[in-house]
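Engineer: Dropping a structure here in structure tokens format, bear with me for questions.
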Amino acid sequence: MFRAKIGFVVSALCLLASGAFGGDWQVDTAQSEISAVGTLNGKERTIAFKDYTASIAFDPADLSTGSISIDFDVTKMEDPLDFTGDVVATLMHSSWFDGETIAKASFVSEQIIQGENGDYEAVGTLTVKNIAKPVTVPFRFETIDASSAVAVTDGIALNRMDFELGKGWEFPGYEVGEDVTVKFRLVASRPAQ
Amino acid sequence: MERGTLADSAYGRVAKTLHWLVFGLFFAAFPLGIYMHNLKASPEKFELYALHKSIGVTILTLVALRLAWRLFNRPPPLPADTPPLERFAAHGVHWGMYAMLFAIPLAGWAMSSASGFPVQWWGVVTLPDIVGQSRENFELFKELHEIFAFVMLGLILVHVGAALNHHFRRKNSILARMVPFMSIRES
């Protein structure tokens with residue numbers, strides 16, 4: 001009996017912590033993707049962020065209640081073409097993400113507003129390498145069914161030097177473009193309402 | 001046999017220059033390749049990779065020039081009394097080295113293409129990719145790049161050994177005709 005009670009309390013706490021009762025969205029990271037596309041010697045190169053925690057409240061009918069907060073562990077990134085491990089190791093270097101010292105990056109929205117063509121914009125702050133910059137994230141919100149939806153962006157244009165990524169890493173032979181496009185496709189669900 | 005009786009002349013200035021340039025560049029790129037491969041990811045590692053690739057593309061260009069030059073400027077012939085087997089071996093080693101001097105940089109270039117690192121030549125020219133991006137291609141050309149480099153090293157050893165044998169034991173002008181400032185005595 002006592003065990004059953006404990007079990008109930010733990011389950012209830014988990015539900016509360018997950019925000020299920022608040023109508024928040026739970027991101028299915030297995031189906032979702034967040035990546036950054038840059039260029040190396042003029043060729044596109046994509047890095048995928050594999051470890052992040054998203055906390056999303058979003059109701060298209062009432063944007064004022066919306067908020068998005070995503071924490072990234074930058075040490076968990078993948079480059080599908082990094083056959084030697086050198087690229088990710090480089091990105092962990094102090095000139096780049098400095099993963100050993102600063103594993104965390106984040107995006108926190110201040111407000112979500114209606115954008116153009118039925119899209120939305122999350123206006124907030126992106127913090128990478130402990131450098132915070134205002135960023136506007138345009139995204140589309142598409143309902144899959146009563147309890148699930150997908151949020152997609154075609155691209156957030158950033159300049160990596162704003163976050164001192166790759167600062168001092170300049171030499172002939174490996175030209176890394178300063179322009180980076182962050183893309184995401186977040187598949188999320190919440191209890192049907 | 002006295003020196004100078006076999007071939008009427010030495011290699012020309014252009015052929016000699018290209019030969020020794022490629023020799024020097026190969027012995028810069030080869031140890032560099034082994035050294036940099038084992039470094040931890042760092043700016044230095046990438047700088048050395050960039051240098052290695054630029055040297056490789058330079059070798060490829062010089063060897064192409066050398067072959068083109070050779071078409072119109074025939075190298076001095078082997079001594080008339082060279083036994084057929086030796087003649088075959090000498091030509092085999094020479095053409096083997098030409099083949100490797102093409103194959104090594106091309107395999108390296110393919111390796112870079114396969115892993116999404118377009119090759120830049122001294123930071124000036126970016127070369128197009130020559131194979132598709134895939135782990136299979138990368139592993140294949142990495143393997144070939146290494147094997148070809150060691151085959152080249154073996155061929156160089158044979159080549160140098162033969163040249164020294166000609167010079168010190170047979171006392172002919174085979175070595176002298178390719179070494180700058182080494183005179184060929186006419187008989």
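Chain labels run A, B, ... following the order of the structure tokens; each chain numbers its residues from 1, and ligands are numbered from 1 in the order shown.
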List every residue of chain A that DSSP, applied to the backbone, labels as strand (DSSP E or B), and write the result as a VMD selection string.

Structural biologist: chain A and resid 25 to 27 33 to 40 43 to 49 52 to 57 67 to 73 77 to 78 104 to 114 120 to 128 131 to 145 148 to 159 176 179 to 189

Engineer: Would you mind exporting the chosen residues as a PDB file, in the first residue's frame, restricted to C-alpha atoms?

Structural biologist:
```pdb
ATOM      1  CA  TRP A  25       5.106  20.215 -25.560  1.00  0.00           C
ATOM      2  CA  GLN A  26       7.418  17.276 -25.089  1.00  0.00           C
ATOM      3  CA  VAL A  27      10.019  17.102 -27.801  1.00  0.00           C
ATOM      4  CA  GLU A  33      16.850  17.378 -35.548  1.00  0.00           C
ATOM      5  CA  ILE A  34      18.798  20.492 -34.695  1.00  0.00           C
ATOM      6  CA  SER A  35      21.792  21.233 -36.873  1.00  0.00           C
ATOM      7  CA  ALA A  36      24.145  23.979 -37.946  1.00  0.00           C
ATOM      8  CA  VAL A  37      25.201  24.254 -41.565  1.00  0.00           C
ATOM      9  CA  GLY A  38      28.425  26.046 -42.334  1.00  0.00           C
ATOM     10  CA  THR A  39      30.956  25.907 -45.135  1.00  0.00           C
ATOM     11  CA  LEU A  40      34.426  24.441 -45.374  1.00  0.00           C
ATOM     12  CA  LYS A  43      31.446  23.226 -49.383  1.00  0.00           C
ATOM     13  CA  GLU A  44      28.472  22.866 -47.057  1.00  0.00           C
ATOM     14  CA  ARG A  45      29.116  21.000 -43.839  1.00  0.00           C
ATOM     15  CA  THR A  46      26.465  20.050 -41.313  1.00  0.00           C
ATOM     16  CA  ILE A  47      26.920  19.516 -37.605  1.00  0.00           C
ATOM     17  CA  ALA A  48      24.051  17.930 -35.680  1.00  0.00           C
ATOM     18  CA  PHE A  49      23.383  18.638 -32.017  1.00  0.00           C
ATOM     19  CA  TYR A  52      19.456  19.067 -25.869  1.00  0.00           C
ATOM     20  CA  THR A  53      16.552  19.618 -23.556  1.00  0.00           C
ATOM     21  CA  ALA A  54      13.654  21.664 -24.784  1.00  0.00           C
ATOM     22  CA  SER A  55      10.956  23.239 -22.728  1.00  0.00           C
ATOM     23  CA  ILE A  56       8.213  24.514 -24.974  1.00  0.00           C
ATOM     24  CA  ALA A  57       4.879  26.136 -24.235  1.00  0.00           C
ATOM     25  CA  SER A  67       7.833  30.315 -24.374  1.00  0.00           C
ATOM     26  CA  ILE A  68      10.712  28.287 -25.715  1.00  0.00           C
ATOM     27  CA  SER A  69      13.802  27.334 -23.835  1.00  0.00           C
ATOM     28  CA  ILE A  70      16.415  24.934 -25.173  1.00  0.00           C
ATOM     29  CA  ASP A  71      19.593  23.865 -23.434  1.00  0.00           C
ATOM     30  CA  PHE A  72      22.304  22.256 -25.530  1.00  0.00           C
ATOM     31  CA  ASP A  73      25.184  20.106 -24.467  1.00  0.00           C
ATOM     32  CA  MET A  77      27.593  17.020 -31.567  1.00  0.00           C
ATOM     33  CA  GLU A  78      28.035  14.858 -34.623  1.00  0.00           C
ATOM     34  CA  LYS A 104      26.254  24.474 -22.280  1.00  0.00           C
ATOM     35  CA  ALA A 105      24.622  26.641 -24.909  1.00  0.00           C
ATOM     36  CA  SER A 106      21.037  27.831 -24.768  1.00  0.00           C
ATOM     37  CA  PHE A 107      18.218  29.645 -26.433  1.00  0.00           C
ATOM     38  CA  VAL A 108      15.597  31.337 -24.280  1.00  0.00           C
ATOM     39  CA  SER A 109      12.688  33.192 -25.827  1.00  0.00           C
ATOM     40  CA  GLU A 110      11.334  36.438 -24.470  1.00  0.00           C
ATOM     41  CA  GLN A 111       8.265  36.498 -26.636  1.00  0.00           C
ATOM     42  CA  ILE A 112       6.691  34.677 -29.513  1.00  0.00           C
ATOM     43  CA  ILE A 113       5.074  36.821 -32.162  1.00  0.00           C
ATOM     44  CA  GLN A 114       3.230  36.308 -35.392  1.00  0.00           C
ATOM     45  CA  TYR A 120       5.871  32.595 -36.014  1.00  0.00           C
ATOM     46  CA  GLU A 121       8.932  34.214 -34.578  1.00  0.00           C
ATOM     47  CA  ALA A 122      10.517  33.434 -31.255  1.00  0.00           C
ATOM     48  CA  VAL A 123      12.446  36.493 -30.167  1.00  0.00           C
ATOM     49  CA  GLY A 124      14.996  35.715 -27.547  1.00  0.00           C
ATOM     50  CA  THR A 125      18.597  35.242 -26.571  1.00  0.00           C
ATOM     51  CA  LEU A 126      21.070  32.700 -27.855  1.00  0.00           C
ATOM     52  CA  THR A 127      23.997  32.039 -25.561  1.00  0.00           C
ATOM     53  CA  VAL A 128      26.996  30.188 -26.927  1.00  0.00           C
ATOM     54  CA  ILE A 131      28.250  35.086 -25.158  1.00  0.00           C
ATOM     55  CA  ALA A 132      24.604  36.145 -25.304  1.00  0.00           C
ATOM     56  CA  LYS A 133      23.152  37.675 -28.453  1.00  0.00           C
ATOM     57  CA  PRO A 134      19.593  38.596 -29.404  1.00  0.00           C
ATOM     58  CA  VAL A 135      18.260  36.190 -31.990  1.00  0.00           C
ATOM     59  CA  THR A 136      14.962  35.895 -33.797  1.00  0.00           C
ATOM     60  CA  VAL A 137      13.947  32.367 -34.662  1.00  0.00           C
ATOM     61  CA  PRO A 138      11.372  32.107 -37.450  1.00  0.00           C
ATOM     62  CA  PHE A 139       9.460  28.851 -37.466  1.00  0.00           C
ATOM     63  CA  ARG A 140       6.425  27.121 -38.897  1.00  0.00           C
ATOM     64  CA  PHE A 141       4.109  25.199 -36.653  1.00  0.00           C
ATOM     65  CA  GLU A 142       2.285  22.290 -38.216  1.00  0.00           C
ATOM     66  CA  THR A 143      -0.193  20.156 -36.380  1.00  0.00           C
ATOM     67  CA  ILE A 144       0.189  16.442 -37.035  1.00  0.00           C
ATOM     68  CA  ASP A 145      -2.815  15.304 -35.006  1.00  0.00           C
ATOM     69  CA  SER A 148       1.368  16.127 -31.802  1.00  0.00           C
ATOM     70  CA  ALA A 149       2.904  18.813 -33.945  1.00  0.00           C
ATOM     71  CA  VAL A 150       6.089  19.757 -35.663  1.00  0.00           C
ATOM     72  CA  ALA A 151       7.977  23.032 -35.519  1.00  0.00           C
ATOM     73  CA  VAL A 152      10.334  23.676 -38.412  1.00  0.00           C
ATOM     74  CA  THR A 153      12.679  26.454 -39.399  1.00  0.00           C
ATOM     75  CA  ASP A 154      14.296  26.788 -42.764  1.00  0.00           C
ATOM     76  CA  GLY A 155      17.173  28.602 -41.280  1.00  0.00           C
ATOM     77  CA  ILE A 156      18.395  31.060 -38.717  1.00  0.00           C
ATOM     78  CA  ALA A 157      21.266  33.021 -40.200  1.00  0.00           C
ATOM     79  CA  LEU A 158      24.071  33.567 -37.708  1.00  0.00           C
ATOM     80  CA  ASN A 159      27.634  34.733 -37.859  1.00  0.00           C
ATOM     81  CA  VAL A 176      35.591  28.026 -42.665  1.00  0.00           C
ATOM     82  CA  ASP A 179      27.961  32.439 -42.019  1.00  0.00           C
ATOM     83  CA  VAL A 180      26.187  29.585 -40.338  1.00  0.00           C
ATOM     84  CA  THR A 181      22.579  28.550 -40.747  1.00  0.00           C
ATOM     85  CA  VAL A 182      20.895  26.806 -37.864  1.00  0.00           C
ATOM     86  CA  LYS A 183      18.047  24.537 -38.819  1.00  0.00           C
ATOM     87  CA  PHE A 184      15.678  22.516 -36.733  1.00  0.00           C
ATOM     88  CA  ARG A 185      12.747  20.213 -37.043  1.00  0.00           C
ATOM     89  CA  LEU A 186      11.224  19.507 -33.671  1.00  0.00           C
ATOM     90  CA  VAL A 187       8.590  16.836 -33.348  1.00  0.00           C
ATOM     91  CA  ALA A 188       6.617  17.323 -30.162  1.00  0.00           C
ATOM     92  CA  SER A 189       3.560  15.993 -28.455  1.00  0.00           C
TER      93      SER A 189
END
```

Engineer: Taking the DSSP secondary structure from the backbone, can you list the residues of region 23-94 of chain A that are helix (DSSP H, G or I), as an NGL selection string?

Structural biologist: :A and (63-65 or 86-91)

Engineer: Can I get the selection written as an mmCIF file, in the first residue's frame, with all heavy atoms?

Structural biologist:
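Saved to part.cif:
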```cif
data_model
loop_
_atom_site.group_PDB
_atom_site.id
_atom_site.type_symbol
_atom_site.label_atom_id
_atom_site.label_comp_id
_atom_site.auth_asym_id
_atom_site.auth_seq_id
_atom_site.Cartn_x
_atom_site.Cartn_y
_atom_site.Cartn_z
ATOM 1 N N LEU A 63 -0.501 33.489 -28.313
ATOM 2 C CA LEU A 63 0.974 33.518 -28.365
ATOM 3 C C LEU A 63 1.583 34.108 -27.093
ATOM 4 O O LEU A 63 2.739 33.835 -26.765
ATOM 5 C CB LEU A 63 1.434 34.338 -29.574
ATOM 6 C CG LEU A 63 1.079 33.755 -30.953
ATOM 7 C CD1 LEU A 63 1.644 34.640 -32.062
ATOM 8 C CD2 LEU A 63 1.608 32.342 -31.100
ATOM 9 N N SER A 64 0.794 34.904 -26.361
ATOM 10 C CA SER A 64 1.355 35.575 -25.182
ATOM 11 C C SER A 64 1.780 34.567 -24.108
ATOM 12 O O SER A 64 2.611 34.868 -23.266
ATOM 13 C CB SER A 64 0.341 36.563 -24.604
ATOM 14 O OG SER A 64 -0.771 35.838 -24.095
ATOM 15 N N THR A 65 1.196 33.377 -24.150
ATOM 16 C CA THR A 65 1.552 32.375 -23.132
ATOM 17 C C THR A 65 2.733 31.510 -23.586
ATOM 18 O O THR A 65 3.187 30.636 -22.860
ATOM 19 C CB THR A 65 0.363 31.428 -22.855
ATOM 20 O OG1 THR A 65 0.011 30.807 -24.110
ATOM 21 C CG2 THR A 65 -0.832 32.184 -22.305
ATOM 22 N N ASP A 86 38.474 14.238 -36.201
ATOM 23 C CA ASP A 86 39.193 15.508 -36.082
ATOM 24 C C ASP A 86 38.271 16.728 -36.070
ATOM 25 O O ASP A 86 38.573 17.732 -35.426
ATOM 26 C CB ASP A 86 40.195 15.670 -37.235
ATOM 27 C CG ASP A 86 41.461 14.861 -36.991
ATOM 28 O OD1 ASP A 86 41.714 14.497 -35.816
ATOM 29 O OD2 ASP A 86 42.196 14.602 -37.958
ATOM 30 N N VAL A 87 37.155 16.635 -36.791
ATOM 31 C CA VAL A 87 36.287 17.818 -36.894
ATOM 32 C C VAL A 87 35.619 18.109 -35.552
ATOM 33 O O VAL A 87 35.675 19.231 -35.038
ATOM 34 C CB VAL A 87 35.231 17.634 -38.004
ATOM 35 C CG1 VAL A 87 34.265 18.808 -38.024
ATOM 36 C CG2 VAL A 87 35.920 17.516 -39.357
ATOM 37 N N VAL A 88 35.020 17.073 -34.970
ATOM 38 C CA VAL A 88 34.349 17.294 -33.684
ATOM 39 C C VAL A 88 35.380 17.656 -32.615
ATOM 40 O O VAL A 88 35.144 18.549 -31.795
ATOM 41 C CB VAL A 88 33.508 16.056 -33.287
ATOM 42 C CG1 VAL A 88 33.005 16.197 -31.864
ATOM 43 C CG2 VAL A 88 32.331 15.900 -34.254
ATOM 44 N N ALA A 89 36.537 17.000 -32.660
ATOM 45 C CA ALA A 89 37.595 17.343 -31.689
ATOM 46 C C ALA A 89 37.990 18.810 -31.843
ATOM 47 O O ALA A 89 38.211 19.512 -30.858
ATOM 48 C CB ALA A 89 38.803 16.434 -31.899
ATOM 49 N N THR A 90 38.040 19.275 -33.083
ATOM 50 C CA THR A 90 38.381 20.676 -33.334
ATOM 51 C C THR A 90 37.297 21.594 -32.781
ATOM 52 O O THR A 90 37.592 22.624 -32.172
ATOM 53 C CB THR A 90 38.535 20.908 -34.853
ATOM 54 O OG1 THR A 90 39.603 20.102 -35.304
ATOM 55 C CG2 THR A 90 38.817 22.366 -35.169
ATOM 56 N N LEU A 91 36.053 21.201 -32.990
ATOM 57 C CA LEU A 91 34.954 22.045 -32.516
ATOM 58 C C LEU A 91 34.938 22.132 -30.981
ATOM 59 O O LEU A 91 34.394 23.073 -30.419
ATOM 60 C CB LEU A 91 33.615 21.527 -33.041
ATOM 61 C CG LEU A 91 33.430 21.733 -34.547
ATOM 62 C CD1 LEU A 91 32.215 20.980 -35.055
ATOM 63 C CD2 LEU A 91 33.307 23.216 -34.885
#
```

Engineer: May I ask which of the residues A:Gly66, A:Gly115, A:Pro191, A:Gly85 is the closest one to chain B, counting only C-alpha atoms?

Structural biologist: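 Closest candidate: A:Gly85.
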
Engineer: Define the interface residues of chain B facing chain A as those within 12 Å, counting only C-alpha atoms, and report them as a PyMOL selection string.

Structural biologist: chain B and resi 36-55+111-129+132-139+142

Engineer: Can you tell me how far CA of Val179 (chain B) sits from CA of Gly108 (chain B), in Å to one decimal?

Structural biologist: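 Rounded to one decimal, the two atoms are 29.8 Å apart.
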
Engineer: To one decimal place, how far is CA of Asp162 (chain A) from CA of Ser32 (chain A) in Å?

Structural biologist: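 Spanning CA of Asp162 (chain A) to CA of Ser32 (chain A) is a straight-line distance of 26.4 Å.
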
Engineer: What's the 9 Å shell around Phe102 (chain B), counting only C-alpha atoms, without same-chain residues fewer than 3 positions away, as JSON, numbers by chain?

Structural biologist: {"B": [59, 60, 63, 64, 97, 98, 99, 105, 106, 107]}

Engineer: Tell me, as a ChimeraX atom specification, which residues lie within 7 Å of Leu165 (chain A), counting only C-alpha atoms; anything in the same chain fewer than 3 positions away does not count.

Structural biologist: /A:95-97,160-161

Engineer: I want to know what sits within 10 Å of region 155-171 of chain B, based on only C-alpha atoms, with residues of the same chain fewer than 3 positions away left out; could you give that as a ChimeraX atom specification?

Structural biologist: /B:1-4,23,86,89-90,92-94,96-97,100,149-152,174-176,178

Engineer: Suppose we keep N, CA and C atoms; can you now write the selection as an mmCIF file, in the first residue's frame?

Structural biologist:
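Result written to part-v4.cif:
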```
data_model
loop_
_atom_site.group_PDB
_atom_site.id
_atom_site.type_symbol
_atom_site.label_atom_id
_atom_site.label_comp_id
_atom_site.auth_asym_id
_atom_site.auth_seq_id
_atom_site.Cartn_x
_atom_site.Cartn_y
_atom_site.Cartn_z
ATOM 1 N N MET B 1 83.920 0.151 -67.666
ATOM 2 C CA MET B 1 83.471 1.114 -68.676
ATOM 3 C C MET B 1 83.790 2.531 -68.221
ATOM 4 N N GLU B 2 84.245 3.337 -69.100
ATOM 5 C CA GLU B 2 84.548 4.725 -68.732
ATOM 6 C C GLU B 2 83.298 5.572 -68.766
ATOM 7 N N ARG B 3 83.322 6.530 -67.880
ATOM 8 C CA ARG B 3 82.167 7.437 -67.881
ATOM 9 C C ARG B 3 82.141 8.238 -69.167
ATOM 10 N N GLY B 4 80.952 8.472 -69.630
ATOM 11 C CA GLY B 4 80.812 9.334 -70.795
ATOM 12 C C GLY B 4 80.751 8.564 -72.099
ATOM 13 N N PHE B 23 61.697 15.130 -55.972
ATOM 14 C CA PHE B 23 62.399 14.353 -54.943
ATOM 15 C C PHE B 23 62.284 15.071 -53.587
ATOM 16 N N GLU B 86 67.772 -5.908 -67.126
ATOM 17 C CA GLU B 86 68.068 -4.663 -66.412
ATOM 18 C C GLU B 86 67.341 -3.486 -67.059
ATOM 19 N N ALA B 89 63.888 -3.707 -65.991
ATOM 20 C CA ALA B 89 63.761 -3.296 -64.586
ATOM 21 C C ALA B 89 63.858 -1.781 -64.463
ATOM 22 N N ALA B 90 64.811 -1.193 -65.199
ATOM 23 C CA ALA B 90 65.001 0.260 -65.115
ATOM 24 C C ALA B 90 63.743 0.993 -65.581
ATOM 25 N N GLY B 92 60.737 -0.271 -65.790
ATOM 26 C CA GLY B 92 59.642 -0.617 -64.869
ATOM 27 C C GLY B 92 59.646 0.274 -63.639
ATOM 28 N N VAL B 93 60.843 0.463 -63.072
ATOM 29 C CA VAL B 93 60.942 1.302 -61.864
ATOM 30 C C VAL B 93 60.611 2.749 -62.211
ATOM 31 N N HIS B 94 61.121 3.227 -63.340
ATOM 32 C CA HIS B 94 60.835 4.618 -63.724
ATOM 33 C C HIS B 94 59.346 4.854 -63.916
ATOM 34 N N GLY B 96 56.947 2.981 -62.881
ATOM 35 C CA GLY B 96 56.273 2.731 -61.592
ATOM 36 C C GLY B 96 56.278 3.989 -60.732
ATOM 37 N N MET B 97 57.411 4.686 -60.726
ATOM 38 C CA MET B 97 57.501 5.923 -59.934
ATOM 39 C C MET B 97 56.588 7.005 -60.506
ATOM 40 N N MET B 100 53.123 6.105 -59.421
ATOM 41 C CA MET B 100 52.882 6.395 -58.003
ATOM 42 C C MET B 100 52.789 7.893 -57.751
ATOM 43 N N ALA B 149 52.222 5.304 -51.175
ATOM 44 C CA ALA B 149 53.366 6.060 -50.644
ATOM 45 C C ALA B 149 54.513 5.106 -50.280
ATOM 46 N N PHE B 150 54.140 3.969 -49.690
ATOM 47 C CA PHE B 150 55.196 3.021 -49.319
ATOM 48 C C PHE B 150 55.752 2.295 -50.547
ATOM 49 N N VAL B 151 54.906 2.052 -51.538
ATOM 50 C CA VAL B 151 55.396 1.458 -52.798
ATOM 51 C C VAL B 151 56.408 2.434 -53.418
ATOM 52 N N MET B 152 56.063 3.722 -53.392
ATOM 53 C CA MET B 152 56.962 4.744 -53.943
ATOM 54 C C MET B 152 58.299 4.735 -53.204
ATOM 55 N N ILE B 174 75.570 7.113 -65.467
ATOM 56 C CA ILE B 174 74.119 7.073 -65.221
ATOM 57 C C ILE B 174 73.714 8.041 -64.107
ATOM 58 N N LEU B 175 74.458 8.042 -63.004
ATOM 59 C CA LEU B 175 74.118 8.942 -61.897
ATOM 60 C C LEU B 175 74.448 10.380 -62.259
ATOM 61 N N ALA B 176 75.637 10.550 -62.824
ATOM 62 C CA ALA B 176 76.123 11.917 -63.097
ATOM 63 C C ALA B 176 75.211 12.681 -64.058
ATOM 64 N N MET B 178 72.138 12.868 -64.133
ATOM 65 C CA MET B 178 70.955 13.469 -63.504
ATOM 66 C C MET B 178 71.328 14.388 -62.334
#
```

Engineer: Which distance in Å separates CA of Gly24 (chain B) and CA of Val131 (chain B), to one decimal?

Structural biologist: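 Computing it gives 28.6 Å between the two atoms.
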